Amino acid sequence: MSASTSSSCLHCGTPVADPARGAFCCAGCEAVHGLLVDQGLTRYYALARGAVLPATSVERVRSHAWLEPLRTAAEATASPLCALELDVQGIHCAACVWLMNELFRRTPGGAGFTVNPALGKVCMRWRPGVFDVERFVCEVERFGYAFGPSRKTTPRPSRDLVVRLGICAAATMNVMLFSFSFYFGLSPGDGSTFSLFTWGSLLLATVVVLVGGWPFFRAAQRGLARGLLHLDVPIALGITLVYALSVVQTLQHRGDHAYLDTLCTFITLMVLGRWLQQRVLDRNRRFLLEDDGSDALVVRRREGATVAVVPAPRVGAGDTLLVAPGDLLVVDATLSQAGRFSLDWITGEPEPRTFPAGETVPAGAFNAGRSAVEARATQSFQQSVLPVLLAARPEGERRSGSARFFDALARYYVVTVLTLAAMGTLLWMHAGVHRAVDVAVALLVVTCPCALGIAIPLAHELVHAGLRRKGVLVRAPDLLDRLVRVRTVLFDKTGTLTLGRLDLVEPRHPGQLSPEIRDLVYSMTAGSNHPVSRCLAKALAGAGARVAAPVQPEEIPGCGLELVRGGRRHRLGAPGWAVPGAAAEPGVTLLSVDGQLLARFVTREAVRPGAQREVLRLRAAGLDVWLLSGDARTRVEEFGRALGLSGDRVLGELSPADKAAVVARVDRRDTLFIGDGVNDSLAFAAAFAAGTPAVDRPVMPGKSDVFFLGESLESLGELLLAAQSLRSVVRRILAMAFAYNAGAVTVAMLGLATPLGAAVAMPASSLAILLATTAWLAGRRGVATAAPKLHEVAA
Amino acid sequence: MNVLVIQVFASLMLVLLAVVGLLYSVKHGDHEHADRLSLLPLEDDEGD
């Protein structure tokens, strides 16, 4: 098991902000840890070596309607073994692979299981009729993973770059080995050995130039064709000139004076920089399921005597839909029978609502009941509000000022370098063409774009890796550049600052009840799906309550649970109903026997761990914090007061469009919106940056710039701090690069730098800047760790 | 001289072999998950 201190989560090692939570940072971690221990899978911790990420919520029942057609198609083949490839969300290390393999091994009928953690895919083979695919999927999802249809692919540029990098690195190492012999005195006087080494170097360098230089040549050519000057132009020009000069030297039997080793190192480093940039985002994106909106949504539609699973866009008005527990209703529909639906995703209401037969349930509601409900669609999917809310945001719409700054910087850099090279050539033309070309080559080589090409991508990679370890996965390439501009943070309430479930105000209360009452309340609540019942059952089970005898309480909508036992009427529910004459109090549930009060329970919405502290921290940092919710105004205002927010910053009963309008009104290209439901979708699009802690919900993580794992929101502060650190380090890198380039250009212009000298100075400067970047970021991490800890405030 | 030629040849063949290995790995999509590959001996242990 992972080594943990008393203040660290036993599962993921995250510091536990709330001591009342015990040894875990969140309910997700506690549940997954319990499962691992119960099932004898604690080897997971040994394999993870402390790299466990916080678990995602495992409470929500996920719909597996999408799985049915895939399983049917897989089992329709004549082969004795069926095979199915699925995408999986949440794989991050070898321990995850082991865990899934182990769970598969324990499931009867399985024939083969392969996990591809790089892509986030699994391939399973099984014997039909013995292996239950859905059961296995559900079992694995209990550990915080999520399965989906196979959609992920490796982006071609990423695969392309890794091949180019591999070829360049292998060839460059050999060119270096050849070059060592020149440095140690191999000269034209050594005859055939010299020729072998120079031609060997040239051959390998040609491979590096063609393979590694190609992306730069192509980008430069495309840029020039469109009249754009970008960083790849001087890189391509420099590679061409240095290579040409080296070929000339080799042909003149002076291969020892060529710059092939420097050229190959330069190209390899530049390809490495490109690959790092690509890889960090690919990895974070692959963590999630591919979910581009409505395509991933399927529904069960009654077709005659059968039920077919069809894509949501095919639903028309009048269709009869079967909505299973956990399924999303994709259109407004009239219920054929009573059902219980959660609207938190669409309106922000935290508690599921019971709808009688004949009532219309809005699109975006989840079936929160325990049985499937039949409903008749009153509109087509295209008329539903969902397609608008699910629509992907246009790419490149929010290109940040920072990105534009780097574009402009690269442009100016290119113009400056080319002008300087031309000036150098003209200035030294009087000393002969050969001398002038030498100066031009020295200028092109010595003015290293290492800062822009390698050091800044490396800084991004290091910061992203640090955030990933803390459960923050960034999806947008320029998010960290954008976050430094953020001055206003807007939170959704339900599911974002709260967890969408209830907690007891006095958690020790169940332990103080007599065993009879404790067991009685547990017996009544264990079978109920009402949020208060779920909260009480969980607290009572933790206090040691057991079901004394099977009971069948009656659930009376709007009132509570009633149980007649031994001739006595037990009621658990609303004050005025349980105890006649008792005053109604929000959040209070009473237990009575024949109208006499036995126990009183006070519940409140479960606040996300660290939410209050995070809001305080943001406000202390001078940020303007808002609370926007679709929930009832009184509840939102009460919650806002507990957070210490002023009245004008707390808005309730907002529709998705209202939320987006508020965000658009306050946005000065400086807003960060944190939400979780599809009702936040329009606000996501209106905000300058957007994030979500709801990785277990469909669609939303895919529309976010960043998503947070685990229940805690503390990592939001870490994210903003990381953005500030990165900006500071990038500024230092640019300052260092400017100082080096100014000095190097002066020396080269004066004719004091030979191409060989420049070829030595350039990689030396690259190495220095890379080491400095690593050291600066390590120093920043130390400062961040040493920051004083804040204390949780009472609500 | 002959020894050097053989060594250079061997070196270039090793480069070629490494590149072919990389291409094979990328084609099969397992170049980024050394994590999983590191578990293979462990799976053998469990099979025993």
# chains A, B, ... in the order shown; residues from 1 in each chain; ligands from 1
call {"tool": "interface_residues", "arguments": {"of": "chain A", "to": "chain B", "cutoff": "8 Å", "atoms": "only C-alpha atoms", "output": "ChimeraX atom specification"}}
result
/A:93-94,97-98,115-119,159,163,166-167,170-171,174,193,196
call {"tool": "residues_around", "arguments": {"residues": "Ala55 in chain A", "least_positions_apart": "6", "cutoff": "8 Å", "atoms": "only C-alpha atoms", "output": "list in words"}}
result
Cys12, Gly28, Cys29, Val32, Phe143, Gly144, Leu709 and Gly710 of chain A
call {"tool": "write_last_selection", "arguments": {"atoms": "C-alpha atoms", "output": "tab-separated table (two decimals), in the first residue's frame"}}
result
chain	number	residue	atom	x	y	z
A	12	CYS	CA	-4.29	9.09	-3.78
A	28	GLY	CA	-14.65	8.67	-4.57
A	29	CYS	CA	-11.24	7.79	-3.14
A	32	VAL	CA	-12.37	2.91	-4.57
A	143	PHE	CA	-13.30	1.74	-9.62
A	144	GLY	CA	-13.77	5.16	-11.21
A	709	LEU	CA	-10.16	14.82	-11.00
A	710	GLY	CA	-11.43	13.94	-7.55
call {"tool": "closest_residue", "arguments": {"among": "A:Val636, A:Leu623, A:Ile235, A:Leu713", "to": "Thr14 in chain A", "atoms": "only C-alpha atoms"}}
result
A:Leu713
call {"tool": "residues_around", "arguments": {"residues": "Thr498 in chain A", "least_positions_apart": "3", "cutoff": "10 Å", "atoms": "only C-alpha atoms", "output": "PyMOL selection string"}}
result
chain A and resi 350+492-495+501-502+605-609+611+639+711
call {"tool": "closest_residue", "arguments": {"among": "A:Arg619, A:Trp66, A:Asp631, A:Met429", "to": "Leu343 in chain A", "atoms": "only C-alpha atoms"}}
result
A:Asp631
call {"tool": "residues_around", "arguments": {"residues": "range 545-547 of chain A", "least_positions_apart": "3", "cutoff": "12 Å", "atoms": "only C-alpha atoms", "output": "number ranges by chain"}}
result
A: 510-527, 536-542, 550-552
call {"tool": "write_last_selection", "arguments": {"atoms": "N, CA and C atoms", "output": "PDB file, in the first residue's frame"}}
result
ATOM      1  N   PRO A 510     -26.039  10.018  14.224  1.00  0.00           N
ATOM      2  CA  PRO A 510     -26.496   8.624  14.143  1.00  0.00           C
ATOM      3  C   PRO A 510     -25.864   7.730  15.210  1.00  0.00           C
ATOM      4  N   GLY A 511     -24.614   8.000  15.574  1.00  0.00           N
ATOM      5  CA  GLY A 511     -23.927   7.191  16.575  1.00  0.00           C
ATOM      6  C   GLY A 511     -24.503   7.387  17.965  1.00  0.00           C
ATOM      7  N   GLN A 512     -25.214   8.520  18.170  1.00  0.00           N
ATOM      8  CA  GLN A 512     -25.779   8.786  19.501  1.00  0.00           C
ATOM      9  C   GLN A 512     -27.194   8.234  19.660  1.00  0.00           C
ATOM     10  N   LEU A 513     -27.756   7.702  18.569  1.00  0.00           N
ATOM     11  CA  LEU A 513     -29.112   7.145  18.650  1.00  0.00           C
ATOM     12  C   LEU A 513     -29.059   5.768  19.306  1.00  0.00           C
ATOM     13  N   SER A 514     -30.186   5.367  19.883  1.00  0.00           N
ATOM     14  CA  SER A 514     -30.217   4.012  20.468  1.00  0.00           C
ATOM     15  C   SER A 514     -30.159   3.005  19.324  1.00  0.00           C
ATOM     16  N   PRO A 515     -29.604   1.808  19.575  1.00  0.00           N
ATOM     17  CA  PRO A 515     -29.467   0.820  18.488  1.00  0.00           C
ATOM     18  C   PRO A 515     -30.792   0.506  17.801  1.00  0.00           C
ATOM     19  N   GLU A 516     -31.912   0.475  18.555  1.00  0.00           N
ATOM     20  CA  GLU A 516     -33.201   0.130  17.944  1.00  0.00           C
ATOM     21  C   GLU A 516     -33.604   1.185  16.926  1.00  0.00           C
ATOM     22  N   ILE A 517     -33.484   2.464  17.340  1.00  0.00           N
ATOM     23  CA  ILE A 517     -33.892   3.547  16.430  1.00  0.00           C
ATOM     24  C   ILE A 517     -32.956   3.593  15.226  1.00  0.00           C
ATOM     25  N   ARG A 518     -31.679   3.400  15.519  1.00  0.00           N
ATOM     26  CA  ARG A 518     -30.681   3.426  14.436  1.00  0.00           C
ATOM     27  C   ARG A 518     -31.014   2.363  13.380  1.00  0.00           C
ATOM     28  N   ASP A 519     -31.281   1.131  13.854  1.00  0.00           N
ATOM     29  CA  ASP A 519     -31.576   0.053  12.919  1.00  0.00           C
ATOM     30  C   ASP A 519     -32.902   0.278  12.204  1.00  0.00           C
ATOM     31  N   LEU A 520     -33.876   0.864  12.931  1.00  0.00           N
ATOM     32  CA  LEU A 520     -35.186   1.102  12.336  1.00  0.00           C
ATOM     33  C   LEU A 520     -35.071   2.113  11.190  1.00  0.00           C
ATOM     34  N   VAL A 521     -34.383   3.238  11.461  1.00  0.00           N
ATOM     35  CA  VAL A 521     -34.247   4.270  10.420  1.00  0.00           C
ATOM     36  C   VAL A 521     -33.447   3.710   9.244  1.00  0.00           C
ATOM     37  N   TYR A 522     -32.437   2.908   9.558  1.00  0.00           N
ATOM     38  CA  TYR A 522     -31.624   2.334   8.474  1.00  0.00           C
ATOM     39  C   TYR A 522     -32.484   1.398   7.626  1.00  0.00           C
ATOM     40  N   SER A 523     -33.315   0.587   8.298  1.00  0.00           N
ATOM     41  CA  SER A 523     -34.179  -0.354   7.575  1.00  0.00           C
ATOM     42  C   SER A 523     -35.131   0.399   6.653  1.00  0.00           C
ATOM     43  N   MET A 524     -35.618   1.551   7.129  1.00  0.00           N
ATOM     44  CA  MET A 524     -36.571   2.317   6.324  1.00  0.00           C
ATOM     45  C   MET A 524     -35.882   2.990   5.134  1.00  0.00           C
ATOM     46  N   THR A 525     -34.667   3.483   5.360  1.00  0.00           N
ATOM     47  CA  THR A 525     -34.028   4.313   4.332  1.00  0.00           C
ATOM     48  C   THR A 525     -33.188   3.517   3.329  1.00  0.00           C
ATOM     49  N   ALA A 526     -32.754   2.314   3.721  1.00  0.00           N
ATOM     50  CA  ALA A 526     -31.806   1.584   2.867  1.00  0.00           C
ATOM     51  C   ALA A 526     -32.365   1.314   1.469  1.00  0.00           C
ATOM     52  N   GLY A 527     -33.696   1.141   1.388  1.00  0.00           N
ATOM     53  CA  GLY A 527     -34.276   0.810   0.084  1.00  0.00           C
ATOM     54  C   GLY A 527     -34.804   2.005  -0.671  1.00  0.00           C
ATOM     55  N   LEU A 536     -29.053   9.512   4.990  1.00  0.00           N
ATOM     56  CA  LEU A 536     -29.235   8.906   6.309  1.00  0.00           C
ATOM     57  C   LEU A 536     -28.731   7.461   6.308  1.00  0.00           C
ATOM     58  N   ALA A 537     -29.046   6.707   5.232  1.00  0.00           N
ATOM     59  CA  ALA A 537     -28.625   5.305   5.181  1.00  0.00           C
ATOM     60  C   ALA A 537     -27.108   5.202   5.229  1.00  0.00           C
ATOM     61  N   LYS A 538     -26.443   6.090   4.515  1.00  0.00           N
ATOM     62  CA  LYS A 538     -24.984   6.040   4.487  1.00  0.00           C
ATOM     63  C   LYS A 538     -24.398   6.357   5.877  1.00  0.00           C
ATOM     64  N   ALA A 539     -24.957   7.416   6.513  1.00  0.00           N
ATOM     65  CA  ALA A 539     -24.450   7.820   7.826  1.00  0.00           C
ATOM     66  C   ALA A 539     -24.728   6.741   8.868  1.00  0.00           C
ATOM     67  N   LEU A 540     -25.914   6.142   8.784  1.00  0.00           N
ATOM     68  CA  LEU A 540     -26.277   5.112   9.760  1.00  0.00           C
ATOM     69  C   LEU A 540     -25.449   3.846   9.568  1.00  0.00           C
ATOM     70  N   ALA A 541     -25.214   3.487   8.310  1.00  0.00           N
ATOM     71  CA  ALA A 541     -24.379   2.306   8.058  1.00  0.00           C
ATOM     72  C   ALA A 541     -22.987   2.524   8.628  1.00  0.00           C
ATOM     73  N   GLY A 542     -22.499   3.763   8.504  1.00  0.00           N
ATOM     74  CA  GLY A 542     -21.187   4.097   9.062  1.00  0.00           C
ATOM     75  C   GLY A 542     -21.175   4.025  10.573  1.00  0.00           C
ATOM     76  N   PRO A 550     -36.524  -7.545   7.466  1.00  0.00           N
ATOM     77  CA  PRO A 550     -36.954  -6.918   6.207  1.00  0.00           C
ATOM     78  C   PRO A 550     -38.217  -6.081   6.419  1.00  0.00           C
ATOM     79  N   VAL A 551     -38.194  -4.855   5.941  1.00  0.00           N
ATOM     80  CA  VAL A 551     -39.356  -3.975   6.086  1.00  0.00           C
ATOM     81  C   VAL A 551     -39.700  -3.407   4.715  1.00  0.00           C
ATOM     82  N   GLN A 552     -40.934  -3.013   4.526  1.00  0.00           N
ATOM     83  CA  GLN A 552     -41.345  -2.429   3.255  1.00  0.00           C
ATOM     84  C   GLN A 552     -42.056  -1.113   3.522  1.00  0.00           C
TER      85      GLN A 552
END
call {"tool": "closest_residue", "arguments": {"among": "A:Arg600, A:Asp232, A:Ala357, A:Ser384", "to": "Arg411 in chain A", "atoms": "only C-alpha atoms"}}
result
A:Asp232
call {"tool": "select_by_dssp", "arguments": {"residues": "range 30-182 of chain A", "states": "strand (DSSP E)", "output": "MDAnalysis selection string"}}
result
chainID A and resid 82:89 110:116 121:126 146:149
call {"tool": "write_last_selection", "arguments": {"atoms": "C-alpha atoms", "output": "PDB file, in the first residue's frame"}}
result
ATOM      1  CA  CYS A  82     -16.057 -12.538 -29.810  1.00  0.00           C
ATOM      2  CA  ALA A  83     -13.901  -9.418 -29.797  1.00  0.00           C
ATOM      3  CA  LEU A  84     -14.739  -5.833 -28.921  1.00  0.00           C
ATOM      4  CA  GLU A  85     -12.640  -2.693 -28.723  1.00  0.00           C
ATOM      5  CA  LEU A  86     -13.754   0.042 -26.333  1.00  0.00           C
ATOM      6  CA  ASP A  87     -12.421   3.407 -25.249  1.00  0.00           C
ATOM      7  CA  VAL A  88     -11.763   3.826 -21.563  1.00  0.00           C
ATOM      8  CA  GLN A  89     -11.450   6.963 -19.475  1.00  0.00           C
ATOM      9  CA  GLY A 110     -13.042 -14.068 -20.713  1.00  0.00           C
ATOM     10  CA  ALA A 111     -10.485 -15.201 -23.293  1.00  0.00           C
ATOM     11  CA  GLY A 112      -8.147 -12.257 -23.738  1.00  0.00           C
ATOM     12  CA  PHE A 113      -7.776  -8.681 -22.605  1.00  0.00           C
ATOM     13  CA  THR A 114      -5.385  -6.028 -23.902  1.00  0.00           C
ATOM     14  CA  VAL A 115      -5.153  -2.514 -22.540  1.00  0.00           C
ATOM     15  CA  ASN A 116      -3.545   0.285 -24.512  1.00  0.00           C
ATOM     16  CA  LYS A 121      -8.382   1.706 -25.271  1.00  0.00           C
ATOM     17  CA  VAL A 122      -9.120  -1.870 -24.293  1.00  0.00           C
ATOM     18  CA  CYS A 123      -9.676  -4.891 -26.504  1.00  0.00           C
ATOM     19  CA  MET A 124     -11.465  -7.862 -25.000  1.00  0.00           C
ATOM     20  CA  ARG A 125     -12.176 -11.317 -26.342  1.00  0.00           C
ATOM     21  CA  TRP A 126     -14.662 -13.708 -24.796  1.00  0.00           C
ATOM     22  CA  ALA A 146     -15.625   4.903 -17.671  1.00  0.00           C
ATOM     23  CA  PHE A 147     -16.097   2.981 -20.915  1.00  0.00           C
ATOM     24  CA  GLY A 148     -17.380   4.269 -24.227  1.00  0.00           C
ATOM     25  CA  PRO A 149     -17.552   3.293 -27.900  1.00  0.00           C
TER      26      PRO A 149
END
call {"tool": "residues_around", "arguments": {"residues": "range 741-754 of chain A", "least_positions_apart": "6", "cutoff": "8 Å", "atoms": "only C-alpha atoms", "output": "list in words"}}
result
Gly424, Asp438, Val439, Ala442, Leu443, Val446, Thr447 and Cys448 of chain A
call {"tool": "write_last_selection", "arguments": {"atoms": "C-alpha atoms", "output": "tab-separated table (two decimals), in the first residue's frame"}}
result
chain	number	residue	atom	x	y	z
A	424	GLY	CA	26.25	40.55	-42.56
A	438	ASP	CA	30.69	32.37	-43.57
A	439	VAL	CA	29.38	35.41	-41.67
A	442	ALA	CA	27.44	32.09	-38.48
A	443	LEU	CA	24.59	34.59	-37.95
A	446	VAL	CA	24.22	31.46	-33.74
A	447	THR	CA	20.81	33.14	-33.50
A	448	CYS	CA	19.23	30.15	-31.96
call {"tool": "residues_around", "arguments": {"residues": "Leu165 in chain A", "least_positions_apart": "2", "cutoff": "9 Å", "atoms": "only C-alpha atoms", "output": "ChimeraX atom specification"}}
result
/A:160-163,167-170,211-212,268-269,271-272,275
